[in-house]
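K.L.:
Data: coords-v1.pdb, PDB, C-alpha atoms.
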```
MODEL        1
ATOM      1  CA  MET A   1     -58.113  36.377 -76.842
ATOM      2  CA  GLU A   2     -59.913  33.055 -77.477
ATOM      3  CA  PRO A   3     -59.898  30.648 -74.510
ATOM      4  CA  GLU A   4     -57.638  27.646 -74.991
ATOM      5  CA  LEU A   5     -59.569  24.427 -75.573
ATOM      6  CA  PRO A   6     -57.088  21.547 -75.361
ATOM      7  CA  LEU A   7     -59.710  18.839 -75.938
ATOM      8  CA  ALA A   8     -61.455  20.478 -78.897
ATOM      9  CA  ASP A   9     -59.602  18.537 -81.589
ATOM     10  CA  GLU A  10     -59.877  15.246 -79.729
ATOM     11  CA  LEU A  11     -63.633  15.603 -79.125
ATOM     12  CA  ALA A  12     -64.218  16.733 -82.692
ATOM     13  CA  ALA A  13     -62.496  13.596 -83.981
ATOM     14  CA  VAL A  14     -64.542  11.316 -81.726
ATOM     15  CA  PHE A  15     -67.861  12.810 -82.747
ATOM     16  CA  ALA A  16     -66.883  12.907 -86.412
ATOM     17  CA  ARG A  17     -66.526   9.125 -86.221
ATOM     18  CA  LEU A  18     -69.918   8.858 -84.522
ATOM     19  CA  SER A  19     -71.759  11.065 -86.996
ATOM     20  CA  GLY A  20     -74.032   9.109 -89.290
ATOM     21  CA  LEU A  21     -74.427   6.176 -86.922
ATOM     22  CA  LEU A  22     -77.960   5.208 -85.922
ATOM     23  CA  LEU A  23     -77.405   4.822 -82.192
ATOM     24  CA  THR A  24     -79.641   2.976 -79.750
ATOM     25  CA  ALA A  25     -80.884   4.610 -76.555
ATOM     26  CA  GLU A  26     -78.587   2.327 -74.558
ATOM     27  CA  THR A  27     -75.541   3.271 -76.622
ATOM     28  CA  VAL A  28     -76.328   6.972 -76.390
ATOM     29  CA  GLN A  29     -76.745   6.753 -72.628
ATOM     30  CA  SER A  30     -73.344   5.055 -72.367
ATOM     31  CA  LEU A  31     -71.773   7.794 -74.488
ATOM     32  CA  LEU A  32     -73.430  10.512 -72.411
ATOM     33  CA  LYS A  33     -71.974   8.885 -69.299
ATOM     34  CA  LEU A  34     -68.583   9.095 -70.972
ATOM     35  CA  ILE A  35     -69.177  12.779 -71.723
ATOM     36  CA  THR A  36     -70.089  13.560 -68.109
ATOM     37  CA  ALA A  37     -67.094  11.601 -66.819
ATOM     38  CA  THR A  38     -64.828  13.504 -69.222
ATOM     39  CA  ALA A  39     -66.386  16.820 -68.208
ATOM     40  CA  ARG A  40     -65.722  15.977 -64.566
ATOM     41  CA  GLU A  41     -62.035  15.670 -65.415
ATOM     42  CA  VAL A  42     -61.840  18.646 -67.796
ATOM     43  CA  PHE A  43     -63.296  21.177 -65.346
ATOM     44  CA  PRO A  44     -60.860  21.237 -62.410
ATOM     45  CA  SER A  45     -63.326  23.022 -60.139
ATOM     46  CA  ALA A  46     -66.243  20.661 -60.846
ATOM     47  CA  LEU A  47     -67.552  18.368 -58.151
ATOM     48  CA  GLY A  48     -69.614  16.542 -60.760
ATOM     49  CA  SER A  49     -71.393  16.725 -64.089
ATOM     50  CA  ALA A  50     -74.712  15.543 -65.542
ATOM     51  CA  VAL A  51     -76.914  15.545 -68.636
ATOM     52  CA  THR A  52     -80.637  16.300 -68.496
ATOM     53  CA  ALA A  53     -83.043  15.489 -71.342
ATOM     54  CA  ALA A  54     -86.613  14.326 -71.811
ATOM     55  CA  GLY A  55     -87.422  10.783 -70.750
ATOM     56  CA  GLY A  56     -89.916   8.355 -72.236
ATOM     57  CA  GLN A  57     -92.926  10.332 -71.013
ATOM     58  CA  GLY A  58     -91.441  13.676 -71.986
ATOM     59  CA  ALA A  59     -90.562  14.682 -68.408
ATOM     60  CA  PRO A  60     -86.969  15.755 -67.658
ATOM     61  CA  VAL A  61     -84.663  13.003 -66.409
ATOM     62  CA  THR A  62     -80.946  12.721 -65.727
ATOM     63  CA  TRP A  63     -79.514  10.533 -68.479
ATOM     64  CA  ALA A  64     -76.012  10.504 -67.023
ATOM     65  CA  ALA A  65     -74.399  11.819 -63.830
ATOM     66  CA  THR A  66     -71.082  11.451 -62.044
ATOM     67  CA  GLY A  67     -72.186  11.455 -58.410
ATOM     68  CA  GLU A  68     -75.006  11.272 -55.875
ATOM     69  CA  GLU A  69     -74.912  14.997 -55.057
ATOM     70  CA  VAL A  70     -75.368  15.807 -58.744
ATOM     71  CA  GLU A  71     -78.293  13.403 -59.151
ATOM     72  CA  ARG A  72     -79.982  14.728 -56.015
ATOM     73  CA  ALA A  73     -79.553  18.335 -57.151
ATOM     74  CA  ASP A  74     -81.089  17.411 -60.500
ATOM     75  CA  ARG A  75     -84.024  15.571 -58.892
ATOM     76  CA  LEU A  76     -84.764  18.653 -56.805
ATOM     77  CA  GLN A  77     -85.062  20.701 -59.997
ATOM     78  CA  TYR A  78     -87.484  18.199 -61.510
ATOM     79  CA  GLU A  79     -89.582  18.057 -58.351
ATOM     80  CA  LEU A  80     -89.719  21.854 -58.033
ATOM     81  CA  ARG A  81     -89.898  22.381 -61.798
ATOM     82  CA  ALA A  82     -87.326  25.122 -61.409
ATOM     83  CA  GLY A  83     -83.563  25.451 -61.484
ATOM     84  CA  PRO A  84     -80.601  26.444 -63.653
ATOM     85  CA  CYS A  85     -80.448  23.400 -65.932
ATOM     86  CA  LEU A  86     -84.188  23.540 -66.667
ATOM     87  CA  THR A  87     -83.855  27.265 -67.397
ATOM     88  CA  ALA A  88     -80.869  26.623 -69.689
ATOM     89  CA  TRP A  89     -82.971  24.018 -71.524
ATOM     90  CA  GLN A  90     -86.100  26.174 -71.770
ATOM     91  CA  GLU A  91     -84.337  29.405 -72.724
ATOM     92  CA  SER A  92     -81.579  27.838 -74.874
ATOM     93  CA  SER A  93     -78.968  29.879 -73.028
ATOM     94  CA  VAL A  94     -75.972  29.264 -70.797
ATOM     95  CA  ILE A  95     -76.870  29.751 -67.116
ATOM     96  CA  ASP A  96     -74.100  30.563 -64.661
ATOM     97  CA  VAL A  97     -74.886  30.529 -60.951
ATOM     98  CA  GLY A  98     -71.864  32.027 -59.241
ATOM     99  CA  ASP A  99     -73.024  31.483 -55.676
ATOM    100  CA  LEU A 100     -76.149  29.622 -54.565
ATOM    101  CA  HIS A 101     -76.126  31.637 -51.330
ATOM    102  CA  ASP A 102     -76.649  34.890 -53.243
ATOM    103  CA  ASP A 103     -78.752  33.813 -56.239
ATOM    104  CA  ASP A 104     -82.483  34.511 -55.902
ATOM    105  CA  ARG A 105     -83.776  33.127 -59.219
ATOM    106  CA  TRP A 106     -84.744  29.730 -57.770
ATOM    107  CA  PRO A 107     -84.639  30.305 -53.993
ATOM    108  CA  GLU A 108     -86.176  26.989 -52.903
ATOM    109  CA  TRP A 109     -83.926  24.921 -55.155
ATOM    110  CA  ALA A 110     -80.832  26.994 -54.311
ATOM    111  CA  ALA A 111     -81.364  26.549 -50.573
ATOM    112  CA  SER A 112     -81.823  22.774 -50.946
ATOM    113  CA  ALA A 113     -78.828  22.413 -53.289
ATOM    114  CA  ALA A 114     -76.654  24.420 -50.887
ATOM    115  CA  ARG A 115     -77.525  21.952 -48.142
ATOM    116  CA  LEU A 116     -76.042  19.244 -50.369
ATOM    117  CA  GLY A 117     -72.717  21.097 -50.236
ATOM    118  CA  LEU A 118     -73.061  22.774 -53.642
ATOM    119  CA  ARG A 119     -72.194  26.447 -54.172
ATOM    120  CA  SER A 120     -72.077  27.091 -57.937
ATOM    121  CA  VAL A 121     -73.351  25.540 -61.155
ATOM    122  CA  LEU A 122     -72.862  26.117 -64.868
ATOM    123  CA  SER A 123     -75.494  24.817 -67.331
ATOM    124  CA  ALA A 124     -75.385  24.830 -71.146
ATOM    125  CA  PRO A 125     -78.304  23.889 -73.425
ATOM    126  CA  MET A 126     -78.073  20.979 -75.847
ATOM    127  CA  VAL A 127     -79.197  22.709 -79.025
ATOM    128  CA  THR A 128     -79.553  21.152 -82.464
ATOM    129  CA  GLY A 129     -81.059  23.205 -85.252
ATOM    130  CA  CYS A 130     -83.631  25.399 -83.552
ATOM    131  CA  ARG A 131     -84.503  22.864 -80.835
ATOM    132  CA  SER A 132     -83.181  22.654 -77.304
ATOM    133  CA  LEU A 133     -83.106  18.987 -76.237
ATOM    134  CA  GLY A 134     -81.878  19.363 -72.667
ATOM    135  CA  ALA A 135     -78.828  20.626 -70.807
ATOM    136  CA  VAL A 136     -75.345  19.638 -69.665
ATOM    137  CA  LYS A 137     -74.229  20.999 -66.330
ATOM    138  CA  VAL A 138     -71.293  20.993 -63.929
ATOM    139  CA  TYR A 139     -71.596  21.571 -60.181
ATOM    140  CA  ALA A 140     -68.935  22.842 -57.780
ATOM    141  CA  ASP A 141     -68.636  22.993 -54.007
ATOM    142  CA  ARG A 142     -67.138  26.499 -53.970
ATOM    143  CA  PRO A 143     -68.567  29.821 -55.207
ATOM    144  CA  HIS A 144     -67.643  31.364 -58.576
ATOM    145  CA  ALA A 145     -65.925  28.164 -59.637
ATOM    146  CA  PHE A 146     -66.378  28.649 -63.382
ATOM    147  CA  ASP A 147     -65.012  31.264 -65.781
ATOM    148  CA  GLU A 148     -65.466  32.263 -69.434
ATOM    149  CA  ARG A 149     -63.252  29.413 -70.628
ATOM    150  CA  ASP A 150     -65.486  26.970 -68.790
ATOM    151  CA  ARG A 151     -68.591  28.487 -70.415
ATOM    152  CA  THR A 152     -67.085  27.995 -73.869
ATOM    153  CA  LEU A 153     -65.916  24.465 -73.133
ATOM    154  CA  LEU A 154     -69.233  23.375 -71.608
ATOM    155  CA  THR A 155     -71.080  24.787 -74.621
ATOM    156  CA  MET A 156     -68.925  22.531 -76.796
ATOM    157  CA  PHE A 157     -69.717  19.519 -74.621
ATOM    158  CA  ALA A 158     -73.433  20.356 -74.817
ATOM    159  CA  SER A 159     -73.301  20.656 -78.612
ATOM    160  CA  GLN A 160     -71.807  17.187 -78.945
ATOM    161  CA  ALA A 161     -74.270  15.719 -76.450
ATOM    162  CA  ALA A 162     -77.104  17.275 -78.491
ATOM    163  CA  VAL A 163     -75.942  15.331 -81.551
ATOM    164  CA  LEU A 164     -76.235  12.069 -79.627
ATOM    165  CA  VAL A 165     -79.653  12.854 -78.142
ATOM    166  CA  ALA A 166     -80.976  14.029 -81.531
ATOM    167  CA  ASN A 167     -79.672  10.806 -83.065
ATOM    168  CA  VAL A 168     -81.570   8.564 -80.677
ATOM    169  CA  ARG A 169     -84.670  10.746 -81.029
ATOM    170  CA  SER A 170     -84.479  10.226 -84.800
ATOM    171  CA  ALA A 171     -84.099   6.478 -84.305
ATOM    172  CA  GLU A 172     -87.128   6.375 -81.993
ATOM    173  CA  ALA A 173     -89.200   8.423 -84.435
ATOM    174  CA  ALA A 174     -88.221   6.131 -87.316
ATOM    175  CA  ALA A 175     -89.166   3.057 -85.271
ATOM    176  CA  ARG A 176     -92.546   4.554 -84.368
ATOM    177  CA  LEU A 177     -93.212   5.478 -87.984
ATOM    178  CA  SER A 178     -92.280   1.980 -89.138
ATOM    179  CA  THR A 179     -94.592   0.400 -86.557
ATOM    180  CA  GLU A 180     -97.457   2.721 -87.457
ATOM    181  CA  LEU A 181     -96.950   2.073 -91.164
ATOM    182  CA  ARG A 182     -96.964  -1.696 -90.698
ATOM    183  CA  SER A 183    -100.118  -1.409 -88.588
ATOM    184  CA  ALA A 184    -101.822   0.783 -91.202
ATOM    185  CA  LEU A 185    -100.924  -1.600 -94.021
ATOM    186  CA  ARG A 186    -102.168  -4.609 -92.054
ATOM    187  CA  ALA A 187    -105.440  -2.812 -91.274
ATOM    188  CA  ARG A 188    -105.884  -1.990 -94.956
ATOM    189  CA  ASP A 189    -105.298  -5.632 -95.963
ATOM    190  CA  ILE A 190    -107.741  -6.938 -93.346
ATOM    191  CA  VAL A 191    -110.472  -4.538 -94.419
ATOM    192  CA  SER A 192    -109.834  -5.414 -98.092
ATOM    193  CA  MET A 193    -110.221  -9.130 -97.363
ATOM    194  CA  ALA A 194    -113.396  -8.496 -95.366
ATOM    195  CA  LYS A 195    -114.791  -6.443 -98.251
ATOM    196  CA  GLY A 196    -114.129  -9.397-100.545
ATOM    197  CA  VAL A 197    -116.107 -11.636 -98.200
ATOM    198  CA  VAL A 198    -119.062  -9.232 -98.209
ATOM    199  CA  MET A 199    -118.921  -8.821-102.009
ATOM    200  CA  GLY A 200    -119.052 -12.606-102.496
ATOM    201  CA  ARG A 201    -121.687 -13.122 -99.849
ATOM    202  CA  ASP A 202    -124.054 -10.285-100.770
ATOM    203  CA  HIS A 203    -123.160  -9.874-104.476
ATOM    204  CA  VAL A 204    -122.501  -6.153-104.073
ATOM    205  CA  SER A 205    -119.894  -3.703-105.362
ATOM    206  CA  GLU A 206    -116.676  -2.891-103.502
ATOM    207  CA  GLU A 207    -118.064   0.486-102.439
ATOM    208  CA  MET A 208    -121.254  -1.081-101.088
ATOM    209  CA  ALA A 209    -119.260  -3.788 -99.300
ATOM    210  CA  PHE A 210    -117.268  -1.101 -97.499
ATOM    211  CA  LEU A 211    -120.488   0.638 -96.445
ATOM    212  CA  VAL A 212    -121.835  -2.672 -95.134
ATOM    213  CA  LEU A 213    -118.663  -3.217 -93.087
ATOM    214  CA  ALA A 214    -118.784   0.327 -91.723
ATOM    215  CA  ASP A 215    -122.462  -0.053 -90.788
ATOM    216  CA  GLU A 216    -121.846  -3.372 -89.036
ATOM    217  CA  ALA A 217    -118.895  -1.905 -87.125
ATOM    218  CA  SER A 218    -120.984   1.086 -86.063
ATOM    219  CA  ARG A 219    -123.827  -1.113 -84.825
ATOM    220  CA  ALA A 220    -121.358  -3.366 -82.991
ATOM    221  CA  ARG A 221    -119.573  -0.281 -81.600
ATOM    222  CA  LYS A 222    -116.253  -1.626 -82.787
ATOM    223  CA  PRO A 223    -113.434  -0.104 -84.867
ATOM    224  CA  LEU A 224    -113.661  -1.022 -88.545
ATOM    225  CA  ARG A 225    -110.497  -3.137 -88.426
ATOM    226  CA  GLU A 226    -111.637  -5.067 -85.352
ATOM    227  CA  ASN A 227    -115.024  -5.779 -86.893
ATOM    228  CA  ALA A 228    -113.373  -6.887 -90.144
ATOM    229  CA  GLU A 229    -111.076  -9.273 -88.228
ATOM    230  CA  ALA A 230    -114.085 -10.769 -86.420
ATOM    231  CA  MET A 231    -115.836 -11.327 -89.752
ATOM    232  CA  LEU A 232    -112.785 -13.055 -91.216
ATOM    233  CA  ARG A 233    -112.429 -15.321 -88.179
ATOM    234  CA  ALA A 234    -116.095 -16.284 -88.449
ATOM    235  CA  THR A 235    -115.758 -16.926 -92.178
ATOM    236  CA  VAL A 236    -112.701 -19.171 -92.034
ATOM    237  CA  ARG A 237    -113.725 -22.602 -90.749
ATOM    238  CA  PRO A 238    -111.116 -25.006 -89.372
ATOM    239  CA  ARG A 239    -110.509 -28.174 -91.384
ATOM    240  CA  ARG A 240    -111.957 -31.364 -89.927
TER     241      ARG A 240
ENDMDL
END
```
So that I can check it, write out the structure of this file as structure tokens.
P.N.:
Amino acid sequence: MEPELPLADELAAVFARLSGLLLTAETVQSLLKLITATAREVFPSALGSAVTAAGGQGAPVTWAATGEEVERADRLQYELRAGPCLTAWQESSVIDVGDLHDDDRWPEWAASAARLGLRSVLSAPMVTGCRSLGAVKVYADRPHAFDERDRTLLTMFASQAAVLVANVRSAEAAARLSTELRSALRARDIVSMAKGVVMGRDHVSEEMAFLVLADEASRARKPLRENAEAMLRATVRPRR
């Protein structure tokens, strides 16, 4: 028998409205905080919930969390580079830790997390396409707090969170591409203008002018664009 998912229709409607929007990192983080807050309410046994994904430098960070114990448990995983949410992320699989006192997969992390008052944790990967972007997890202060229904429900939460994280990743990639394209076009225009200066000055072809610029840049130990900019600045004289 399929587990009952009372929030499935509601969540599906919310994310259907969000699909297609180009979300900012700030908006996505706010929405992920809403997801973790909702998860905290949906899982009766949960002490707290959090979302882990790559930060600006690619290292794992907690994008949203519902409490200090959750954030501290997450930080321990990042410091030790081991733990259930990192494993869920890396292996793209749901990780269920029934009792931290008995689990020996991450002994150092488990012992530290137990000292925070935690006893069990359920982590689901945020998967989009063939990529795992992070993990959503819920912590509890009693052993064996989560069942098969919880696994299914958390997987649904993680799937929707993956859509948001993938969205902001796409926005960041588009912004980087736009910046790089503008920079490349500006470099091309600067070099073209500098070639024109050399052609007029030395009465040479476009190909020879480029070779002259490249040779001057090499001798000056400067990038071609930087050398071309210096030439243009020296050529343009201020009006008196």
K.L.:
From the options A:Leu118, A:Leu32, A:Val94, A:Val165, which residue's atoms come nearest to Gly55 in chain A, counting only C-alpha atoms?
P.N.:
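For Gly55 in chain A, the nearest of the given residues is A:Val165.
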K.L.:
Please write the residues picked by the PyMOL selection byres ((chain A and resi 217) around 12) on this file as a ChimeraX atom specification.
P.N.:
/A:191,194,210-216,218-231
K.L.:
Can you tell me which residues surround range 73-80 of chain A at a distance of at most 6 Å, considering only C-alpha atoms, apart from same-chain residues fewer than 3 positions away, and format the answer as a CSV table (one decimal) with C-alpha atoms, in the coordinates of the input?
P.N.:
```csv
chain,number,residue,atom,x,y,z
A,70,VAL,CA,-75.4,15.8,-58.7
A,83,GLY,CA,-83.6,25.5,-61.5
A,113,ALA,CA,-78.8,22.4,-53.3
```
K.L.:
By how many Å are CA of Val121 in chain A and CA of Ala166 in chain A apart?
P.N.:
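Computed distance, CA of Val121 in chain A to CA of Ala166 in chain A, equals 24.6 Å.
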K.L.:
List as a ChimeraX atom specification the protein and nucleic acid residues near Ser30 in chain A, meaning an atom at most 12 Å away when all atoms listed in the file are counted, but skip any in the same chain fewer than 6 places from it.
P.N.:
/A:23-24,36-37,51,63-65,161,164-165
K.L.:
List every protein, DNA or RNA residue that has at least one atom no more than 8 Å from (-75.7, 29.5, -65.4) in the file's coordinates, counting only C-alpha atoms, and write the result as a PyMOL selection string.
P.N.:
chain A and resi 84-85+88+94-98+121-124
K.L.:
Taking the file above as input, evaluate the PyMOL selection byres ((chain A and resi 117) around 12) and report the hits as JSON, numbers by chain.
P.N.:
{"A": [47, 48, 68, 69, 70, 72, 73, 99, 100, 101, 110, 111, 112, 113, 114, 115, 116, 118, 119, 120, 121, 139, 140, 141, 142, 143]}
K.L.:
Just give me the gap between CA of Thr128 in chain A and CA of Ala46 in chain A in Å, one decimal is fine.
P.N.:
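Going from CA of Thr128 in chain A over to CA of Ala46 in chain A, I get 25.4 Å.
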K.L.:
Counting only C-alpha atoms, figure out which residue out of A:Ala82, A:Leu232, A:Ala39, A:Ala54 gets nearest to Ser192 in chain A.
P.N.:
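For Ser192 in chain A, the nearest of the candidates is A:Leu232.
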K.L.:
Pick out the residues sitting within 9 Å of Ala158 in chain A, and hand them over as a list in words; count only C-alpha atoms, and ignore anything fewer than 2 positions along from it in its own chain.
P.N.:
Val51, Ser123, Ala124, Pro125, Met126, Val127, Gly134, Ala135, Val136, Lys137, Leu153, Leu154, Thr155, Met156, Gln160, Ala161, Ala162 and Val163 of chain A
K.L.:
Taking only C-alpha atoms into account, which of A:Val198, A:Leu133, A:Val204, A:Val138 comes nearest Thr66 in chain A?
P.N.:
A:Val138
K.L.:
Expressed in Å to a single decimal, how great is the separation between CA of Val42 in chain A and CA of Asp150 in chain A?
P.N.:
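It comes out at 9.1 Å.
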K.L.:
Edge lengths and centre in Å to one decimal, as lines of an AutoDock Vina configuration file, is what I'm after for the box along x, y and z that holds all listed atoms of range 145-161 of chain A once 4 Å is added on each side.
P.N.:
```
center_x = -68.8
center_y = 24.0
center_z = -69.3
size_x = 19.0
size_y = 24.5
size_z = 27.3
```
K.L.:
Because some atoms of range 206-219 of chain A are absent here, can you restore N, CA, C and O atoms and send them as a compact mmCIF listing (two decimals), in the frame of the given file?
P.N.:
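What ended up in rebuild.txt:
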```txt
# COMPACT_ATOMS: atom_id res chain seq x y z
N GLU A 206 -117.68 -3.15 -104.53
CA GLU A 206 -116.68 -2.89 -103.50
C GLU A 206 -117.09 -1.73 -102.60
O GLU A 206 -116.93 -1.79 -101.39
N GLU A 207 -117.63 -0.68 -103.22
CA GLU A 207 -118.06 0.49 -102.44
C GLU A 207 -119.19 0.12 -101.48
O GLU A 207 -119.18 0.51 -100.30
N MET A 208 -120.15 -0.68 -101.96
CA MET A 208 -121.25 -1.08 -101.09
C MET A 208 -120.76 -2.02 -99.99
O MET A 208 -121.23 -1.94 -98.85
N ALA A 209 -119.80 -2.87 -100.31
CA ALA A 209 -119.26 -3.79 -99.30
C ALA A 209 -118.61 -3.00 -98.17
O ALA A 209 -118.74 -3.35 -96.99
N PHE A 210 -117.89 -1.94 -98.53
CA PHE A 210 -117.27 -1.10 -97.50
C PHE A 210 -118.33 -0.46 -96.61
O PHE A 210 -118.19 -0.41 -95.38
N LEU A 211 -119.41 0.02 -97.22
CA LEU A 211 -120.49 0.64 -96.44
C LEU A 211 -121.13 -0.38 -95.51
O LEU A 211 -121.49 -0.06 -94.37
N VAL A 212 -121.27 -1.61 -95.98
CA VAL A 212 -121.84 -2.67 -95.13
C VAL A 212 -120.94 -2.92 -93.93
O VAL A 212 -121.40 -3.02 -92.78
N LEU A 213 -119.62 -3.01 -94.19
CA LEU A 213 -118.66 -3.22 -93.09
C LEU A 213 -118.72 -2.07 -92.09
O LEU A 213 -118.71 -2.29 -90.86
N ALA A 214 -118.75 -0.85 -92.60
CA ALA A 214 -118.78 0.33 -91.72
C ALA A 214 -120.06 0.35 -90.89
O ALA A 214 -120.03 0.67 -89.69
N ASP A 215 -121.19 -0.03 -91.52
CA ASP A 215 -122.46 -0.05 -90.79
C ASP A 215 -122.45 -1.12 -89.71
O ASP A 215 -122.88 -0.88 -88.58
N GLU A 216 -121.91 -2.30 -90.04
CA GLU A 216 -121.85 -3.37 -89.04
C GLU A 216 -120.94 -2.98 -87.87
O GLU A 216 -121.24 -3.27 -86.70
N ALA A 217 -119.81 -2.34 -88.18
CA ALA A 217 -118.90 -1.90 -87.12
C ALA A 217 -119.55 -0.87 -86.23
O ALA A 217 -119.38 -0.88 -85.00
N SER A 218 -120.31 0.05 -86.84
CA SER A 218 -120.98 1.09 -86.06
C SER A 218 -122.01 0.47 -85.13
O SER A 218 -122.11 0.84 -83.95
N ARG A 219 -122.80 -0.48 -85.66
CA ARG A 219 -123.83 -1.11 -84.82
C ARG A 219 -123.21 -1.97 -83.73
O ARG A 219 -123.76 -2.08 -82.63
```
